[in-house]
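A.B. asks: Here it is: the structure, laid out below.
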Amino acid sequence: MGAVTSSVAARFAFFPPTPPSYQVIEDEATGKLWLSEAVPREDVDVMKLPTKRGTEIVALYVKHPTANLTLLYSHGNAADLGQMHELFVELSVHLRISVLGYDYSGYGASTGKPSEPNTYADIEAAYECLERMYSVQEENVVLYGQSVGSGPTLDLATRKPHLRGVVLHSPILSGLRVMYPVKRTYWFDIYKNIDKIGLVNCPVLVMHGTADEVVDWSHGKQLYELSNKKYEPLWLKGGGHCNLELYPEYIKHLRKYLQTLERSVDIVRIGSRRGSI
């Protein structure tokens with residue numbers, strides 16, 4: 001029974017767009033990569049990253065010239081980078097933040113098959129890219145997990161104690177809890193966010209639509225209640241599972257949250273300078 005339920009949960013979790021919405025194109029003269037369905041931009045880098053589980057994932061980095069923080073974005077279930085490219089650029093512009101998004105193994109032009117362990121390796125590869133290629137420090141990273149993306153986001157957050165913040169967008173308590181109203185955690189469940197949220201040490205912003213037809217609003221509310229460092233949540237009245245970005249409150253609240261985090265960065269830097277005098 002456990003194996004069967006686990007298989008059902010895994011199938012629910014992963015619906016990569018078929019066919020993928022893009023291909024990775026290489027400029028023969030410069031070697032620069034870009035997505036086939038997007039206009040090449042000087043402020044956007046496309047790269048292929050190896051993971052410790054032997055797959056190669058595609059990542060997209062949008063650079064903002066004055067950004068203090070970087071958003072590491074784990075997208076939702078039935079999306080890939082071709083569909084997310086425009087949103088990442090808009091977030092970077094309107095929030096004045098750099099954004100790194102990536103496709104899970106088996107999504108878009110990433111190799112392999114999607115699985116819970118693979119997504120954990122995928123987000124690790126994306127995070128290590130920020131450190132290695134862009135010299136981004138842990139305390140300047142904000143993790144952003146949408147829907148299924150809340151799984152790898154919270155898993156990484158439990159292992160990075162100095163993160164600046166975590167955003168959970170229409171998050172799940174666990175894979176099994178999306179389908180069944182279970183009251184306990186079973187070993188065969190996937191993305192056990194309900195058990196991990198209490199291990200996160202940075203300010204957590206939870207956003208959820210009150211009319212979410214895929215992941216009930218109660219998932220977001222319970223994760224908010226279990227957070228150690230709560231930031232004012234955003235409950236969008238009438239919001240569904242895939243349309244929160246269309247609400248003006250979405251970008252306003254996200255900007256307010258990031259500005260709060262930036263002020264905390266400044267306070268830390270000032271304290272550090274005073275301590276060195």
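Following the order of the structure tokens, first chain is A, next is B, and so on, with residues numbered from 1 inside each chain and ligands from 1 in the order they appear.
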Please report as CSV every residue of segment 176-253 of chain A lying within 12 Å of segment 87-91 of chain A, along with the nearest atom pair and their distance in Å (one decimal), using only C-alpha atoms.
C.D. replies:
residue,atom,partner,partner_atom,distance
A:Glu245,CA,A:Leu87,CA,8.9
A:Leu246,CA,A:Leu87,CA,11.0
A:Tyr250,CA,A:Leu91,CA,11.0
A:Ile251,CA,A:Leu91,CA,8.2
A:Lys252,CA,A:Leu91,CA,11.3
A.B. asks: From a DSSP pass on the backbone, collect the residues of segment 11-165 of chain A flagged as helix (DSSP H, G or I) and hand them back as a VMD selection string.
C.D. replies: chain A and resid 11 to 13 81 to 95 116 to 134 138 to 140 147 to 157
A.B. asks: Could you turn the residues from that selection into a file that holds N, CA and C atoms, as a short mmCIF file (atom, residue, chain, number, x, y, z; two decimals), in the first residue's frame?
C.D. replies:
data_model
loop_
_atom_site.label_atom_id
_atom_site.label_comp_id
_atom_site.auth_asym_id
_atom_site.auth_seq_id
_atom_site.Cartn_x
_atom_site.Cartn_y
_atom_site.Cartn_z
N ARG A 11 3.54 10.78 -9.03
CA ARG A 11 2.93 11.12 -10.31
C ARG A 11 2.19 12.45 -10.23
N PHE A 12 1.57 12.70 -9.08
CA PHE A 12 0.87 13.98 -8.92
C PHE A 12 1.86 15.14 -8.97
N ALA A 13 3.02 14.93 -8.41
CA ALA A 13 3.94 16.05 -8.22
C ALA A 13 4.56 16.54 -9.52
N LEU A 81 11.27 26.76 -18.03
CA LEU A 81 11.91 28.08 -18.13
C LEU A 81 11.40 28.91 -19.31
N GLY A 82 10.99 28.25 -20.37
CA GLY A 82 10.46 29.00 -21.50
C GLY A 82 9.23 29.80 -21.11
N GLN A 83 8.42 29.24 -20.23
CA GLN A 83 7.22 29.92 -19.76
C GLN A 83 7.51 30.90 -18.63
N MET A 84 8.60 30.69 -17.91
CA MET A 84 8.92 31.52 -16.75
C MET A 84 9.84 32.69 -17.07
N HIS A 85 10.47 32.66 -18.25
CA HIS A 85 11.49 33.65 -18.62
C HIS A 85 10.99 35.08 -18.45
N GLU A 86 9.83 35.38 -19.00
CA GLU A 86 9.30 36.74 -18.95
C GLU A 86 9.03 37.18 -17.52
N LEU A 87 8.48 36.28 -16.70
CA LEU A 87 8.21 36.62 -15.31
C LEU A 87 9.50 36.93 -14.56
N PHE A 88 10.55 36.15 -14.79
CA PHE A 88 11.82 36.39 -14.11
C PHE A 88 12.37 37.77 -14.46
N VAL A 89 12.27 38.14 -15.72
CA VAL A 89 12.75 39.47 -16.13
C VAL A 89 11.92 40.56 -15.46
N GLU A 90 10.59 40.37 -15.43
CA GLU A 90 9.72 41.37 -14.81
C GLU A 90 10.00 41.49 -13.31
N LEU A 91 10.19 40.36 -12.64
CA LEU A 91 10.51 40.41 -11.21
C LEU A 91 11.82 41.16 -10.97
N SER A 92 12.80 40.89 -11.79
CA SER A 92 14.10 41.55 -11.64
C SER A 92 13.96 43.05 -11.79
N VAL A 93 13.21 43.48 -12.78
CA VAL A 93 13.06 44.92 -13.06
C VAL A 93 12.27 45.61 -11.95
N HIS A 94 11.11 45.04 -11.59
CA HIS A 94 10.21 45.72 -10.66
C HIS A 94 10.66 45.61 -9.20
N LEU A 95 11.41 44.55 -8.89
CA LEU A 95 11.86 44.37 -7.51
C LEU A 95 13.31 44.77 -7.31
N GLU A 116 11.77 13.39 -6.46
CA GLU A 116 12.06 14.19 -5.27
C GLU A 116 13.56 14.31 -5.02
N PRO A 117 14.32 13.20 -5.01
CA PRO A 117 15.77 13.35 -4.79
C PRO A 117 16.45 14.18 -5.86
N ASN A 118 16.01 14.05 -7.12
CA ASN A 118 16.62 14.84 -8.19
C ASN A 118 16.38 16.33 -7.99
N THR A 119 15.17 16.70 -7.55
CA THR A 119 14.92 18.14 -7.36
C THR A 119 15.79 18.71 -6.25
N TYR A 120 16.10 17.90 -5.23
CA TYR A 120 17.00 18.38 -4.18
C TYR A 120 18.41 18.61 -4.74
N ALA A 121 18.85 17.70 -5.61
CA ALA A 121 20.16 17.88 -6.25
C ALA A 121 20.12 19.06 -7.23
N ASP A 122 18.98 19.26 -7.88
CA ASP A 122 18.84 20.36 -8.84
C ASP A 122 19.01 21.71 -8.17
N ILE A 123 18.30 21.92 -7.05
CA ILE A 123 18.38 23.23 -6.39
C ILE A 123 19.77 23.44 -5.78
N GLU A 124 20.43 22.36 -5.34
CA GLU A 124 21.80 22.49 -4.84
C GLU A 124 22.74 22.96 -5.95
N ALA A 125 22.57 22.41 -7.15
CA ALA A 125 23.41 22.82 -8.27
C ALA A 125 23.17 24.29 -8.62
N ALA A 126 21.91 24.72 -8.57
CA ALA A 126 21.59 26.12 -8.86
C ALA A 126 22.19 27.03 -7.79
N TYR A 127 22.08 26.64 -6.53
CA TYR A 127 22.64 27.44 -5.44
C TYR A 127 24.16 27.53 -5.56
N GLU A 128 24.80 26.41 -5.84
CA GLU A 128 26.26 26.41 -5.98
C GLU A 128 26.70 27.26 -7.16
N CYS A 129 25.87 27.34 -8.19
CA CYS A 129 26.17 28.22 -9.33
C CYS A 129 26.21 29.67 -8.88
N LEU A 130 25.27 30.07 -8.02
CA LEU A 130 25.28 31.44 -7.52
C LEU A 130 26.57 31.75 -6.78
N GLU A 131 27.02 30.83 -5.96
CA GLU A 131 28.25 31.04 -5.20
C GLU A 131 29.47 31.05 -6.11
N ARG A 132 29.53 30.07 -7.02
CA ARG A 132 30.74 29.87 -7.83
C ARG A 132 30.86 30.87 -8.96
N MET A 133 29.78 31.09 -9.70
CA MET A 133 29.84 31.92 -10.91
C MET A 133 29.56 33.40 -10.65
N TYR A 134 28.77 33.68 -9.61
CA TYR A 134 28.35 35.07 -9.39
C TYR A 134 28.76 35.61 -8.03
N GLU A 138 25.61 33.50 0.94
CA GLU A 138 24.39 32.89 1.46
C GLU A 138 23.44 33.92 2.07
N GLU A 139 23.99 34.88 2.81
CA GLU A 139 23.14 35.85 3.50
C GLU A 139 22.48 36.84 2.54
N ASN A 140 22.80 36.77 1.27
CA ASN A 140 22.16 37.63 0.27
C ASN A 140 21.22 36.86 -0.65
N SER A 147 4.42 26.27 -5.26
CA SER A 147 3.71 24.99 -5.33
C SER A 147 4.67 23.83 -5.03
N VAL A 148 4.87 22.92 -5.99
CA VAL A 148 5.81 21.82 -5.80
C VAL A 148 7.21 22.35 -5.51
N GLY A 149 7.54 23.52 -6.03
CA GLY A 149 8.85 24.12 -5.78
C GLY A 149 9.10 24.46 -4.33
N SER A 150 8.03 24.45 -3.50
CA SER A 150 8.23 24.66 -2.07
C SER A 150 8.98 23.50 -1.45
N GLY A 151 8.94 22.31 -2.10
CA GLY A 151 9.65 21.14 -1.58
C GLY A 151 11.16 21.30 -1.60
N PRO A 152 11.78 21.46 -2.77
CA PRO A 152 13.22 21.69 -2.79
C PRO A 152 13.63 22.97 -2.07
N THR A 153 12.77 23.98 -2.09
CA THR A 153 13.08 25.24 -1.41
C THR A 153 13.25 25.02 0.08
N LEU A 154 12.29 24.37 0.73
CA LEU A 154 12.39 24.17 2.17
C LEU A 154 13.46 23.15 2.54
N ASP A 155 13.69 22.17 1.68
CA ASP A 155 14.75 21.22 1.96
C ASP A 155 16.11 21.93 2.01
N LEU A 156 16.37 22.80 1.02
CA LEU A 156 17.63 23.53 1.01
C LEU A 156 17.69 24.52 2.18
N ALA A 157 16.57 25.15 2.48
CA ALA A 157 16.54 26.15 3.55
C ALA A 157 16.91 25.54 4.90
#
A.B. asks: Between A:Tyr104, A:Phe15, A:Tyr144, A:Tyr22, which one has atoms that come closest to Tyr73 of chain A, using only C-alpha atoms?
C.D. replies: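 Closest candidate: A:Tyr144.
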A.B. asks: Which residue, A:Val200, A:Ala109, A:Leu143, A:Leu254, has the smallest gap to Pro16 of chain A when you use only C-alpha atoms?
C.D. replies: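 Smallest distance to Pro16 of chain A is found for A:Ala109.
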A.B. asks: If you run DSSP on the backbone here, which positions in segment 41-262 of chain A get strand (DSSP E or B)? Please write them as a ChimeraX atom specification.
C.D. replies: /A:44-50,56-62,70-74,98-102,141-146,165-169,204-209,230,234-236
A.B. asks: What is the distance between atom CA of Pro50 of chain A and atom CA of Ser105 of chain A, in Å to one decimal?
C.D. replies: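 The value is 10.3 Å.
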A.B. asks: Which of these residues is nearest to Ile97 of chain A, using only C-alpha atoms: A:Gly220, A:Gly238, A:Pro65, A:Gly112?
C.D. replies: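 Using only C-alpha atoms, Ile97 of chain A sits closest to A:Pro65.
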